[in-house]
file final.tsv (TSV, C-alpha atoms)
chain	number	residue	atom	x	y	z
A	1	MET	CA	-102.14	61.76	80.66
A	2	PRO	CA	-101.93	64.25	83.58
A	3	ARG	CA	-105.13	64.71	85.51
A	4	ILE	CA	-106.88	68.06	85.10
A	5	ALA	CA	-107.78	69.71	88.41
A	6	TYR	CA	-111.45	70.31	89.21
A	7	LEU	CA	-112.45	73.97	88.91
A	8	ALA	CA	-115.84	74.99	90.30
A	9	PRO	CA	-117.97	76.83	87.69
A	10	HIS	CA	-118.14	80.13	89.56
A	11	PHE	CA	-116.88	82.01	86.48
A	12	SER	CA	-116.30	81.25	82.81
A	13	SER	CA	-112.79	81.11	81.38
A	14	ASP	CA	-113.21	84.56	79.78
A	15	GLN	CA	-114.41	86.03	83.08
A	16	LEU	CA	-111.40	84.57	84.89
A	17	LYS	CA	-109.12	86.12	82.28
A	18	GLN	CA	-110.72	89.54	82.73
A	19	LYS	CA	-110.36	89.33	86.51
A	20	TYR	CA	-106.69	88.44	86.07
A	21	LEU	CA	-106.09	91.37	83.72
A	22	LYS	CA	-108.09	93.96	85.66
A	23	THR	CA	-107.10	93.11	89.24
A	24	THR	CA	-104.46	95.59	90.40
A	25	GLU	CA	-103.57	93.87	93.68
A	26	PRO	CA	-100.55	91.66	92.76
A	27	VAL	CA	-101.33	88.64	94.95
A	28	ALA	CA	-104.96	88.41	93.87
A	29	SER	CA	-103.99	89.00	90.24
A	30	ARG	CA	-101.58	86.07	90.36
A	31	ARG	CA	-104.26	83.86	91.87
A	32	TRP	CA	-106.74	84.77	89.12
A	33	HIS	CA	-103.98	84.08	86.59
A	34	LEU	CA	-103.54	80.59	88.02
A	35	LEU	CA	-107.28	79.88	87.91
A	36	TRP	CA	-107.55	81.14	84.35
A	37	LYS	CA	-104.76	78.78	83.26
A	38	VAL	CA	-106.54	75.86	84.92
A	39	SER	CA	-109.78	76.83	83.15
A	40	LEU	CA	-107.95	76.54	79.81
A	41	GLY	CA	-107.19	72.88	80.52
A	42	TRP	CA	-103.71	73.28	81.99
A	43	THR	CA	-102.72	70.97	84.81
A	44	LEU	CA	-102.45	72.64	88.20
A	45	LYS	CA	-98.73	71.88	88.32
A	46	ASN	CA	-98.05	73.49	84.93
A	47	SER	CA	-100.29	76.44	85.79
A	48	ALA	CA	-98.41	77.04	89.04
A	49	SER	CA	-95.09	76.87	87.19
A	50	ALA	CA	-96.26	79.34	84.53
A	51	VAL	CA	-97.53	81.82	87.12
A	52	GLY	CA	-94.47	81.40	89.32
A	53	ILE	CA	-95.92	80.02	92.55
A	54	ASN	CA	-95.41	76.91	94.65
A	55	TYR	CA	-97.47	73.84	93.74
A	56	ASP	CA	-98.75	73.32	97.29
A	57	TYR	CA	-99.76	76.97	97.47
A	58	ALA	CA	-101.56	76.57	94.15
A	59	LYS	CA	-103.58	73.68	95.60
A	60	GLN	CA	-104.65	75.90	98.49
A	61	ILE	CA	-105.75	78.66	96.09
A	62	LEU	CA	-107.78	76.21	94.02
A	63	LYS	CA	-109.40	74.69	97.10
A	64	LYS	CA	-110.47	78.09	98.49
A	65	TYR	CA	-111.79	79.19	95.11
A	66	ASN	CA	-113.85	76.03	94.73
A	67	GLN	CA	-115.31	76.53	98.20
A	68	LEU	CA	-115.79	80.31	98.33
A	69	GLY	CA	-115.63	81.58	94.76
A	70	ALA	CA	-114.28	85.12	94.37
A	71	GLU	CA	-114.06	85.57	98.15
A	72	GLY	CA	-111.53	82.75	98.29
A	73	VAL	CA	-109.23	84.57	95.86
A	74	LYS	CA	-108.95	87.83	97.80
A	75	ASN	CA	-105.68	88.66	99.53
A	76	LEU	CA	-106.92	88.88	103.12
A	77	LYS	CA	-103.46	89.64	104.47
A	78	ASN	CA	-103.73	93.17	103.11
A	79	LYS	CA	-106.69	93.84	105.40
A	80	SER	CA	-104.79	92.73	108.48
A	81	ARG	CA	-101.97	95.20	107.87
A	82	ARG	CA	-102.15	98.76	109.06
A	83	GLY	CA	-101.17	100.94	106.18
A	84	GLY	CA	-99.65	97.99	104.30
A	85	ASN	CA	-96.04	97.58	103.22
A	86	GLN	CA	-94.22	100.41	101.53
A	87	PRO	CA	-93.76	99.86	97.78
A	88	LEU	CA	-90.28	98.98	96.61
A	89	LEU	CA	-90.31	101.79	94.05
A	90	THR	CA	-91.52	105.35	94.26
A	91	ALA	CA	-93.58	106.84	91.45
A	92	LYS	CA	-90.44	108.46	90.05
A	93	GLN	CA	-88.50	105.20	90.20
A	94	LEU	CA	-91.40	103.38	88.57
A	95	GLU	CA	-91.27	105.82	85.67
A	96	LYS	CA	-87.51	105.26	85.46
A	97	LEU	CA	-88.08	101.51	85.29
A	98	ALA	CA	-90.66	102.00	82.54
A	99	GLN	CA	-88.03	103.82	80.47
A	100	GLN	CA	-85.43	101.13	81.19
A	101	LEU	CA	-87.77	98.41	79.96
A	102	LYS	CA	-87.82	100.06	76.54
A	103	LEU	CA	-84.08	99.34	76.29
A	104	LYS	CA	-82.20	96.07	76.45
A	105	ALA	CA	-81.59	94.49	79.84
A	106	PRO	CA	-78.15	95.12	81.43
A	107	ASP	CA	-76.87	91.77	80.13
A	108	GLY	CA	-77.91	92.67	76.58
A	109	GLY	CA	-80.86	90.27	76.51
A	110	VAL	CA	-84.58	90.67	77.11
A	111	TRP	CA	-86.15	91.70	80.40
A	112	THR	CA	-87.47	89.06	82.79
A	113	GLY	CA	-88.91	89.13	86.30
A	114	PRO	CA	-85.57	88.21	87.94
A	115	LYS	CA	-83.74	90.90	85.94
A	116	VAL	CA	-86.23	93.53	87.08
A	117	ALA	CA	-85.73	92.32	90.66
A	118	ARG	CA	-81.95	92.77	90.27
A	119	TRP	CA	-82.55	96.26	88.86
A	120	ILE	CA	-84.64	97.15	91.92
A	121	GLU	CA	-81.88	95.83	94.20
A	122	GLN	CA	-79.32	98.07	92.49
A	123	GLU	CA	-81.66	101.06	92.35
A	124	ASN	CA	-82.43	100.96	96.08
A	125	GLY	CA	-79.23	99.38	97.37
A	126	LEU	CA	-81.14	96.37	98.71
A	127	GLU	CA	-79.51	93.08	99.55
A	128	LYS	CA	-82.35	90.89	98.31
A	129	VAL	CA	-85.49	91.41	96.22
A	130	TRP	CA	-87.48	88.30	95.42
A	131	ASN	CA	-87.71	87.44	91.73
A	132	GLN	CA	-91.49	87.43	92.02
A	133	ARG	CA	-91.46	91.15	92.81
A	134	GLY	CA	-89.87	91.77	89.42
A	135	TRP	CA	-92.81	89.92	87.87
A	136	ASP	CA	-95.19	92.08	89.94
A	137	TYR	CA	-93.66	95.30	88.65
A	138	LEU	CA	-93.77	94.11	85.06
A	139	LYS	CA	-97.48	93.49	85.56
A	140	LYS	CA	-97.86	96.86	87.25
A	141	LEU	CA	-96.40	98.54	84.16
A	142	LYS	CA	-98.92	96.68	81.95
A	143	TYR	CA	-96.49	94.14	80.52
A	144	SER	CA	-97.54	90.61	79.60
A	145	TYR	CA	-95.65	87.43	78.72
A	146	GLN	CA	-95.86	86.95	74.93
A	147	SER	CA	-94.31	85.01	72.07
A	148	PRO	CA	-92.61	87.39	69.60
A	149	ARG	CA	-93.84	87.62	66.02
A	150	PRO	CA	-91.00	86.50	63.69
A	151	LYS	CA	-89.39	89.28	61.67
A	152	HIS	CA	-86.87	88.39	59.00
A	153	ARG	CA	-83.43	89.88	59.55
A	154	LYS	CA	-83.36	91.24	55.97
A	155	ALA	CA	-86.73	93.02	56.24
A	156	ASN	CA	-86.58	96.73	55.35
A	157	ALA	CA	-89.33	98.70	57.08
A	158	GLN	CA	-88.67	101.85	55.02
A	159	GLU	CA	-89.09	100.04	51.70
A	160	GLN	CA	-92.26	98.38	52.99
A	161	GLU	CA	-93.81	101.74	53.87
A	162	GLN	CA	-92.85	103.21	50.49
A	163	PHE	CA	-94.49	100.29	48.71
A	164	LYS	CA	-97.71	100.73	50.70
A	165	LYS	CA	-97.87	104.39	49.69
A	166	LYS	CA	-97.16	103.78	45.98
A	167	LEU	CA	-99.44	100.79	45.42
A	168	PRO	CA	-102.78	102.73	45.37
A	169	PHE	CA	-101.39	105.07	42.69
A	170	LYS	CA	-100.30	102.12	40.55
A	171	VAL	CA	-103.74	100.57	40.81
A	172	LYS	CA	-105.40	103.88	39.94
A	173	LYS	CA	-103.26	104.26	36.80
A	174	LEU	CA	-104.26	100.79	35.64
A	175	GLU	CA	-107.93	101.55	36.29
A	176	GLU	CA	-107.61	104.67	34.16
A	177	LYS	CA	-105.78	102.77	31.43
A	178	TYR	CA	-108.27	99.87	31.42
A	179	PRO	CA	-111.61	101.40	32.53
A	180	ILE	CA	-113.64	98.33	31.56
A	181	ALA	CA	-111.35	95.72	33.12
A	182	GLU	CA	-111.62	94.41	36.68
A	183	ILE	CA	-108.34	95.06	38.49
A	184	ASP	CA	-107.16	92.45	40.97
A	185	VAL	CA	-104.13	92.94	43.22
A	186	TRP	CA	-102.37	89.80	44.43
A	187	PHE	CA	-99.22	89.39	46.48
A	188	PHE	CA	-97.01	86.42	45.77
A	189	ASP	CA	-94.16	84.86	47.70
A	190	GLU	CA	-92.41	81.55	47.99
A	191	HIS	CA	-91.31	79.79	51.13
A	192	ARG	CA	-89.19	76.75	51.80
A	193	VAL	CA	-90.74	74.57	54.47
A	194	GLY	CA	-88.41	73.32	57.18
A	195	LEU	CA	-87.04	73.96	60.62
A	196	LYS	CA	-87.81	77.23	62.33
A	197	PRO	CA	-86.18	78.81	65.38
A	198	ILE	CA	-87.98	78.20	68.66
A	199	LEU	CA	-89.37	81.51	69.88
A	200	LYS	CA	-89.48	81.87	73.64
A	201	LYS	CA	-91.89	84.19	75.39
A	202	VAL	CA	-90.73	87.63	76.54
A	203	TRP	CA	-92.23	90.44	78.60
A	204	SER	CA	-93.84	93.13	76.46
A	205	PRO	CA	-96.42	95.92	76.97
A	206	ILE	CA	-99.99	94.64	76.79
A	207	GLY	CA	-101.39	95.23	73.31
A	208	GLU	CA	-97.95	95.36	71.66
A	209	ARG	CA	-96.78	92.15	69.96
A	210	PRO	CA	-92.96	91.91	70.12
A	211	THR	CA	-90.84	90.80	67.16
A	212	ALA	CA	-87.77	88.58	67.05
A	213	VAL	CA	-85.14	88.67	64.30
A	214	VAL	CA	-84.66	85.11	63.05
A	215	SER	CA	-82.67	83.22	60.44
A	216	HIS	CA	-84.75	80.33	59.10
A	217	ARG	CA	-83.42	76.94	58.04
A	218	TYR	CA	-85.31	74.87	55.52
A	219	GLU	CA	-86.06	71.49	54.01
A	220	TRP	CA	-86.46	71.34	50.25
A	221	LEU	CA	-90.20	71.70	49.85
A	222	TYR	CA	-91.56	74.96	48.46
A	223	VAL	CA	-94.82	76.68	49.23
A	224	TYR	CA	-96.02	79.20	46.65
A	225	GLY	CA	-98.64	81.51	48.10
A	226	PHE	CA	-100.87	84.16	46.54
A	227	VAL	CA	-102.81	86.57	48.75
A	228	LYS	CA	-105.51	89.03	47.71
A	229	PRO	CA	-105.26	91.87	50.29
A	230	LYS	CA	-108.68	93.31	49.54
A	231	THR	CA	-110.57	90.15	50.51
A	232	GLY	CA	-108.00	87.99	52.29
A	233	GLU	CA	-108.44	85.25	49.69
A	234	THR	CA	-105.41	82.94	49.51
A	235	LEU	CA	-104.20	80.31	47.06
A	236	TRP	CA	-101.42	77.85	47.90
A	237	TYR	CA	-99.32	75.52	45.77
A	238	LEU	CA	-96.75	72.96	46.96
A	239	ILE	CA	-93.90	72.10	44.60
A	240	PRO	CA	-90.71	70.05	45.09
A	241	ARG	CA	-88.26	72.52	43.52
A	242	VAL	CA	-87.93	75.96	41.94
A	243	ASN	CA	-87.26	76.31	38.23
A	244	THR	CA	-88.92	77.80	35.15
A	245	LEU	CA	-91.00	74.70	34.42
A	246	TRP	CA	-92.51	74.47	37.89
A	247	LEU	CA	-93.03	78.22	38.14
A	248	ASN	CA	-94.95	78.25	34.86
A	249	LEU	CA	-97.13	75.40	36.11
A	250	VAL	CA	-97.90	77.37	39.26
A	251	TYR	CA	-98.82	80.46	37.24
A	252	GLN	CA	-101.05	78.42	34.94
A	253	ASN	CA	-102.95	76.91	37.87
A	254	PHE	CA	-103.16	80.27	39.59
A	255	ALA	CA	-104.66	81.90	36.48
A	256	VAL	CA	-107.40	79.26	36.43
A	257	ASP	CA	-108.09	79.40	40.17
A	258	ALA	CA	-108.11	83.21	40.27
A	259	GLY	CA	-110.36	83.50	37.23
A	260	ILE	CA	-107.90	85.55	35.17
A	261	CYS	CA	-109.24	86.33	31.70
A	262	GLU	CA	-109.21	89.05	29.04
A	263	LYS	CA	-111.55	91.25	31.05
A	264	LYS	CA	-109.75	90.73	34.32
A	265	SER	CA	-106.29	92.26	34.73
A	266	LEU	CA	-103.82	91.34	37.43
A	267	ILE	CA	-101.07	93.06	39.38
A	268	ASN	CA	-98.83	90.39	40.86
A	269	ARG	CA	-96.45	91.74	43.51
A	270	ARG	CA	-93.74	89.26	44.44
call {"tool": "encode", "arguments": {"input": "final.tsv", "output": "structure tokens"}}
result
Amino acid sequence: MPRIAYLAPHFSSDQLKQKYLKTTEPVASRRWHLLWKVSLGWTLKNSASAVGINYDYAKQILKKYNQLGAEGVKNLKNKSRRGGNQPLLTAKQLEKLAQQLKLKAPDGGVWTGPKVARWIEQENGLEKVWNQRGWDYLKKLKYSYQSPRPKHRKANAQEQEQFKKKLPFKVKKLEEKYPIAEIDVWFFDEHRVGLKPILKKVWSPIGERPTAVVSHRYEWLYVYGFVKPKTGETLWYLIPRVNTLWLNLVYQNFAVDAGICEKKSLINRR
């Protein structure tokens, strides 16, 4: 098992994360990012790879942090420069990049640090922009590296919104029709357990979870799930196949587990 690097307890893992997210200076932000990864139990080598820095450089960062704490993380080179380096992009170009990131990358795929670096090269007619600078500008525009939330290719957002609007009216009509009964709303769906596509991480604005259209493949084991939106209560049943006999058995067990009776009505939305 790889050895976990020693990290001096100057800050907690949550504090390291906040410093990484709130630090605007790119070099220092990347260093805090590295230290936060190490605090989560990552090896130094894997942390350096995830952040995009050299392993030997990562060892230097860790050593200075252990010795000096926050002072060891600061980018002292900035202080030695008079006026600092000019940014690669002007404010207007930065806004242009922000708009471009909302579209697909030039190759039709998702945006990455190297692709942003190539965009900067083309925008400014530069011969070479380091890939890391693309990562810096993604961070500057408040993007983070996230795993997309799966979204089925057949999902219809318009129908979903219409259902959300109509459901309260359906429940209200039932309450008026059966004033004494207790109305429960459950959602039901079935799922075949099996292989799923591997979702890679992509750059996305902080606070916005991306989605990825997928086409699942399955083994022949079925999960029947019932969810009560009001409370979050869930009931699960595993069955080997789908037919009338097995479905009736699931409904019978569900009725018992959910406490369905004469005085308790049910709306089951599949």
call {"tool": "residues_around", "arguments": {"input": "final.tsv", "residues": "Asn131 of chain A", "least_positions_apart": "4", "cutoff": "10 Å", "atoms": "all atoms listed in the file", "output": "list in words"}}
result
Gly52, Thr112, Gly113, Pro114, Lys115, Val116, Ala117, Arg118, Trp135 and Asp136 of chain A
call {"tool": "closest_atom_pairs", "arguments": {"input": "final.tsv", "of": "segment 88-116 of chain A", "to": "segment 120-123 of chain A", "cutoff": "12 Å", "atoms": "all atoms listed in the file", "output": "CSV"}}
result
residue,atom,partner,partner_atom,distance
A:Leu88,CA,A:Ile120,CA,7.6
A:Leu89,CA,A:Ile120,CA,7.6
A:Thr90,CA,A:Glu123,CA,10.9
A:Lys92,CA,A:Glu123,CA,11.7
A:Gln93,CA,A:Glu123,CA,8.3
A:Leu94,CA,A:Ile120,CA,9.8
A:Lys96,CA,A:Glu123,CA,10.0
A:Leu97,CA,A:Ile120,CA,8.6
A:Gln100,CA,A:Ile120,CA,11.5
A:Pro106,CA,A:Gln122,CA,11.5
A:Gly113,CA,A:Ile120,CA,10.7
A:Pro114,CA,A:Ile120,CA,9.8
A:Lys115,CA,A:Ile120,CA,8.7
A:Val116,CA,A:Ile120,CA,6.2
call {"tool": "axis_aligned_box", "arguments": {"input": "final.tsv", "around": "segment 160-171 of chain A", "padding_each_side": "8 Å", "output": "JSON"}}
result
{"center_x": -98.0, "center_y": 101.7, "center_z": 47.2, "size_x": 27.5, "size_y": 22.7, "size_z": 29.3}
call {"tool": "atom_distance", "arguments": {"input": "final.tsv", "atom1": "atom CA of Ser204 of chain A", "atom2": "atom CA of Leu103 of chain A"}}
result
11.6 Å
call {"tool": "atom_distance", "arguments": {"input": "final.tsv", "atom1": "atom CA of Trp119 of chain A", "atom2": "atom CA of Lys140 of chain A"}}
result
15.4 Å
call {"tool": "atom_distance", "arguments": {"input": "final.tsv", "atom1": "atom CA of Asp189 of chain A", "atom2": "atom CA of Leu221 of chain A"}}
result
13.9 Å
call {"tool": "residues_near_point", "arguments": {"input": "final.tsv", "point": "(-101.4, 73.4, 87.4)", "cutoff": "12 Å", "atoms": "all atoms listed in the file", "output": "count of residues only"}}
result
37
call {"tool": "closest_residue", "arguments": {"input": "final.tsv", "among": "A:Tyr65, A:Trp111, A:Tyr137, A:Phe163", "to": "Thr24 of chain A", "atoms": "all atoms listed in the file"}}
result
A:Tyr137
call {"tool": "closest_residue", "arguments": {"input": "final.tsv", "among": "A:Lys165, A:Arg209, A:Arg133, A:Lys104", "to": "Gln146 of chain A", "atoms": "all atoms listed in the file"}}
result
A:Arg209
call {"tool": "closest_residue", "arguments": {"input": "final.tsv", "among": "A:Pro9, A:Leu199, A:Pro205, A:Asp184", "to": "Ala258 of chain A", "atoms": "only C-alpha atoms"}}
result
A:Asp184
call {"tool": "decode", "arguments": {"input": "final.tsv", "residues": "segment 39-52 of chain A", "atoms": "all heavy atoms", "output": "PDB file, in the first residue's frame"}}
result
ATOM      1  N   SER A  39      -4.458  15.905   2.591  1.00  0.00           N
ATOM      2  CA  SER A  39      -5.201  15.810   3.853  1.00  0.00           C
ATOM      3  C   SER A  39      -6.358  14.821   3.763  1.00  0.00           C
ATOM      4  O   SER A  39      -6.834  14.317   4.778  1.00  0.00           O
ATOM      5  CB  SER A  39      -5.736  17.187   4.258  1.00  0.00           C
ATOM      6  OG  SER A  39      -6.830  17.574   3.440  1.00  0.00           O
ATOM      7  N   LEU A  40      -6.818  14.541   2.533  1.00  0.00           N
ATOM      8  CA  LEU A  40      -7.914  13.593   2.331  1.00  0.00           C
ATOM      9  C   LEU A  40      -7.425  12.149   2.284  1.00  0.00           C
ATOM     10  O   LEU A  40      -8.231  11.232   2.123  1.00  0.00           O
ATOM     11  CB  LEU A  40      -8.655  13.921   1.031  1.00  0.00           C
ATOM     12  CG  LEU A  40      -9.394  15.263   0.992  1.00  0.00           C
ATOM     13  CD1 LEU A  40      -9.987  15.502  -0.389  1.00  0.00           C
ATOM     14  CD2 LEU A  40     -10.487  15.310   2.046  1.00  0.00           C
ATOM     15  N   GLY A  41      -6.101  11.967   2.399  1.00  0.00           N
ATOM     16  CA  GLY A  41      -5.549  10.619   2.384  1.00  0.00           C
ATOM     17  C   GLY A  41      -4.945  10.208   1.061  1.00  0.00           C
ATOM     18  O   GLY A  41      -4.532   9.063   0.894  1.00  0.00           O
ATOM     19  N   TRP A  42      -4.886  11.137   0.103  1.00  0.00           N
ATOM     20  CA  TRP A  42      -4.246  10.843  -1.174  1.00  0.00           C
ATOM     21  C   TRP A  42      -2.737  10.757  -0.975  1.00  0.00           C
ATOM     22  O   TRP A  42      -2.178  11.438  -0.120  1.00  0.00           O
ATOM     23  CB  TRP A  42      -4.543  11.945  -2.188  1.00  0.00           C
ATOM     24  CG  TRP A  42      -5.952  11.996  -2.697  1.00  0.00           C
ATOM     25  CD1 TRP A  42      -7.095  11.834  -1.972  1.00  0.00           C
ATOM     26  CD2 TRP A  42      -6.360  12.254  -4.039  1.00  0.00           C
ATOM     27  NE1 TRP A  42      -8.194  11.980  -2.764  1.00  0.00           N
ATOM     28  CE2 TRP A  42      -7.778  12.240  -4.055  1.00  0.00           C
ATOM     29  CE3 TRP A  42      -5.686  12.498  -5.224  1.00  0.00           C
ATOM     30  CZ2 TRP A  42      -8.516  12.460  -5.203  1.00  0.00           C
ATOM     31  CZ3 TRP A  42      -6.424  12.727  -6.373  1.00  0.00           C
ATOM     32  CH2 TRP A  42      -7.819  12.699  -6.361  1.00  0.00           C
ATOM     33  N   THR A  43      -2.079   9.942  -1.786  1.00  0.00           N
ATOM     34  CA  THR A  43      -0.623   9.945  -1.774  1.00  0.00           C
ATOM     35  C   THR A  43      -0.137  11.245  -2.406  1.00  0.00           C
ATOM     36  O   THR A  43      -0.854  11.878  -3.189  1.00  0.00           O
ATOM     37  CB  THR A  43      -0.051   8.757  -2.560  1.00  0.00           C
ATOM     38  OG1 THR A  43      -0.430   8.889  -3.943  1.00  0.00           O
ATOM     39  CG2 THR A  43      -0.570   7.438  -2.006  1.00  0.00           C
ATOM     40  N   LEU A  44       1.075  11.633  -2.073  1.00  0.00           N
ATOM     41  CA  LEU A  44       1.614  12.877  -2.620  1.00  0.00           C
ATOM     42  C   LEU A  44       1.743  12.784  -4.139  1.00  0.00           C
ATOM     43  O   LEU A  44       1.493  13.758  -4.858  1.00  0.00           O
ATOM     44  CB  LEU A  44       2.974  13.177  -1.986  1.00  0.00           C
ATOM     45  CG  LEU A  44       3.614  14.514  -2.385  1.00  0.00           C
ATOM     46  CD1 LEU A  44       2.703  15.677  -2.019  1.00  0.00           C
ATOM     47  CD2 LEU A  44       4.975  14.674  -1.723  1.00  0.00           C
ATOM     48  N   LYS A  45       2.109  11.614  -4.627  1.00  0.00           N
ATOM     49  CA  LYS A  45       2.274  11.436  -6.071  1.00  0.00           C
ATOM     50  C   LYS A  45       0.945  11.596  -6.794  1.00  0.00           C
ATOM     51  O   LYS A  45       0.856  12.283  -7.824  1.00  0.00           O
ATOM     52  CB  LYS A  45       2.865  10.056  -6.355  1.00  0.00           C
ATOM     53  CG  LYS A  45       3.216   9.828  -7.820  1.00  0.00           C
ATOM     54  CD  LYS A  45       3.921   8.494  -8.013  1.00  0.00           C
ATOM     55  CE  LYS A  45       4.332   8.300  -9.467  1.00  0.00           C
ATOM     56  NZ  LYS A  45       5.038   7.004  -9.666  1.00  0.00           N
ATOM     57  N   ASN A  46      -0.111  10.978  -6.269  1.00  0.00           N
ATOM     58  CA  ASN A  46      -1.432  11.096  -6.894  1.00  0.00           C
ATOM     59  C   ASN A  46      -1.980  12.513  -6.766  1.00  0.00           C
ATOM     60  O   ASN A  46      -2.647  13.024  -7.674  1.00  0.00           O
ATOM     61  CB  ASN A  46      -2.405  10.101  -6.259  1.00  0.00           C
ATOM     62  CG  ASN A  46      -2.113   8.672  -6.670  1.00  0.00           C
ATOM     63  OD1 ASN A  46      -1.428   8.433  -7.657  1.00  0.00           O
ATOM     64  ND2 ASN A  46      -2.610   7.715  -5.907  1.00  0.00           N
ATOM     65  N   SER A  47      -1.704  13.154  -5.639  1.00  0.00           N
ATOM     66  CA  SER A  47      -2.161  14.531  -5.443  1.00  0.00           C
ATOM     67  C   SER A  47      -1.499  15.460  -6.448  1.00  0.00           C
ATOM     68  O   SER A  47      -2.152  16.327  -7.039  1.00  0.00           O
ATOM     69  CB  SER A  47      -1.843  14.990  -4.015  1.00  0.00           C
ATOM     70  OG  SER A  47      -2.493  14.181  -3.062  1.00  0.00           O
ATOM     71  N   ALA A  48      -0.191  15.278  -6.641  1.00  0.00           N
ATOM     72  CA  ALA A  48       0.539  16.113  -7.597  1.00  0.00           C
ATOM     73  C   ALA A  48       0.005  15.910  -9.011  1.00  0.00           C
ATOM     74  O   ALA A  48      -0.161  16.861  -9.774  1.00  0.00           O
ATOM     75  CB  ALA A  48       2.027  15.783  -7.542  1.00  0.00           C
ATOM     76  N   SER A  49      -0.300  14.656  -9.345  1.00  0.00           N
ATOM     77  CA  SER A  49      -0.832  14.359 -10.675  1.00  0.00           C
ATOM     78  C   SER A  49      -2.204  14.995 -10.876  1.00  0.00           C
ATOM     79  O   SER A  49      -2.496  15.543 -11.939  1.00  0.00           O
ATOM     80  CB  SER A  49      -0.929  12.840 -10.860  1.00  0.00           C
ATOM     81  OG  SER A  49      -1.493  12.515 -12.112  1.00  0.00           O
ATOM     82  N   ALA A  50      -3.053  14.944  -9.839  1.00  0.00           N
ATOM     83  CA  ALA A  50      -4.402  15.513  -9.940  1.00  0.00           C
ATOM     84  C   ALA A  50      -4.366  17.024 -10.090  1.00  0.00           C
ATOM     85  O   ALA A  50      -5.168  17.609 -10.817  1.00  0.00           O
ATOM     86  CB  ALA A  50      -5.220  15.122  -8.706  1.00  0.00           C
ATOM     87  N   VAL A  51      -3.422  17.660  -9.400  1.00  0.00           N
ATOM     88  CA  VAL A  51      -3.324  19.118  -9.426  1.00  0.00           C
ATOM     89  C   VAL A  51      -2.587  19.601 -10.670  1.00  0.00           C
ATOM     90  O   VAL A  51      -2.778  20.720 -11.124  1.00  0.00           O
ATOM     91  CB  VAL A  51      -2.627  19.619  -8.138  1.00  0.00           C
ATOM     92  CG1 VAL A  51      -2.379  21.110  -8.184  1.00  0.00           C
ATOM     93  CG2 VAL A  51      -3.479  19.277  -6.925  1.00  0.00           C
ATOM     94  N   GLY A  52      -1.733  18.722 -11.216  1.00  0.00           N
ATOM     95  CA  GLY A  52      -1.014  19.082 -12.429  1.00  0.00           C
ATOM     96  C   GLY A  52       0.343  19.705 -12.185  1.00  0.00           C
ATOM     97  O   GLY A  52       0.737  20.633 -12.898  1.00  0.00           O
TER      98      GLY A  52
END
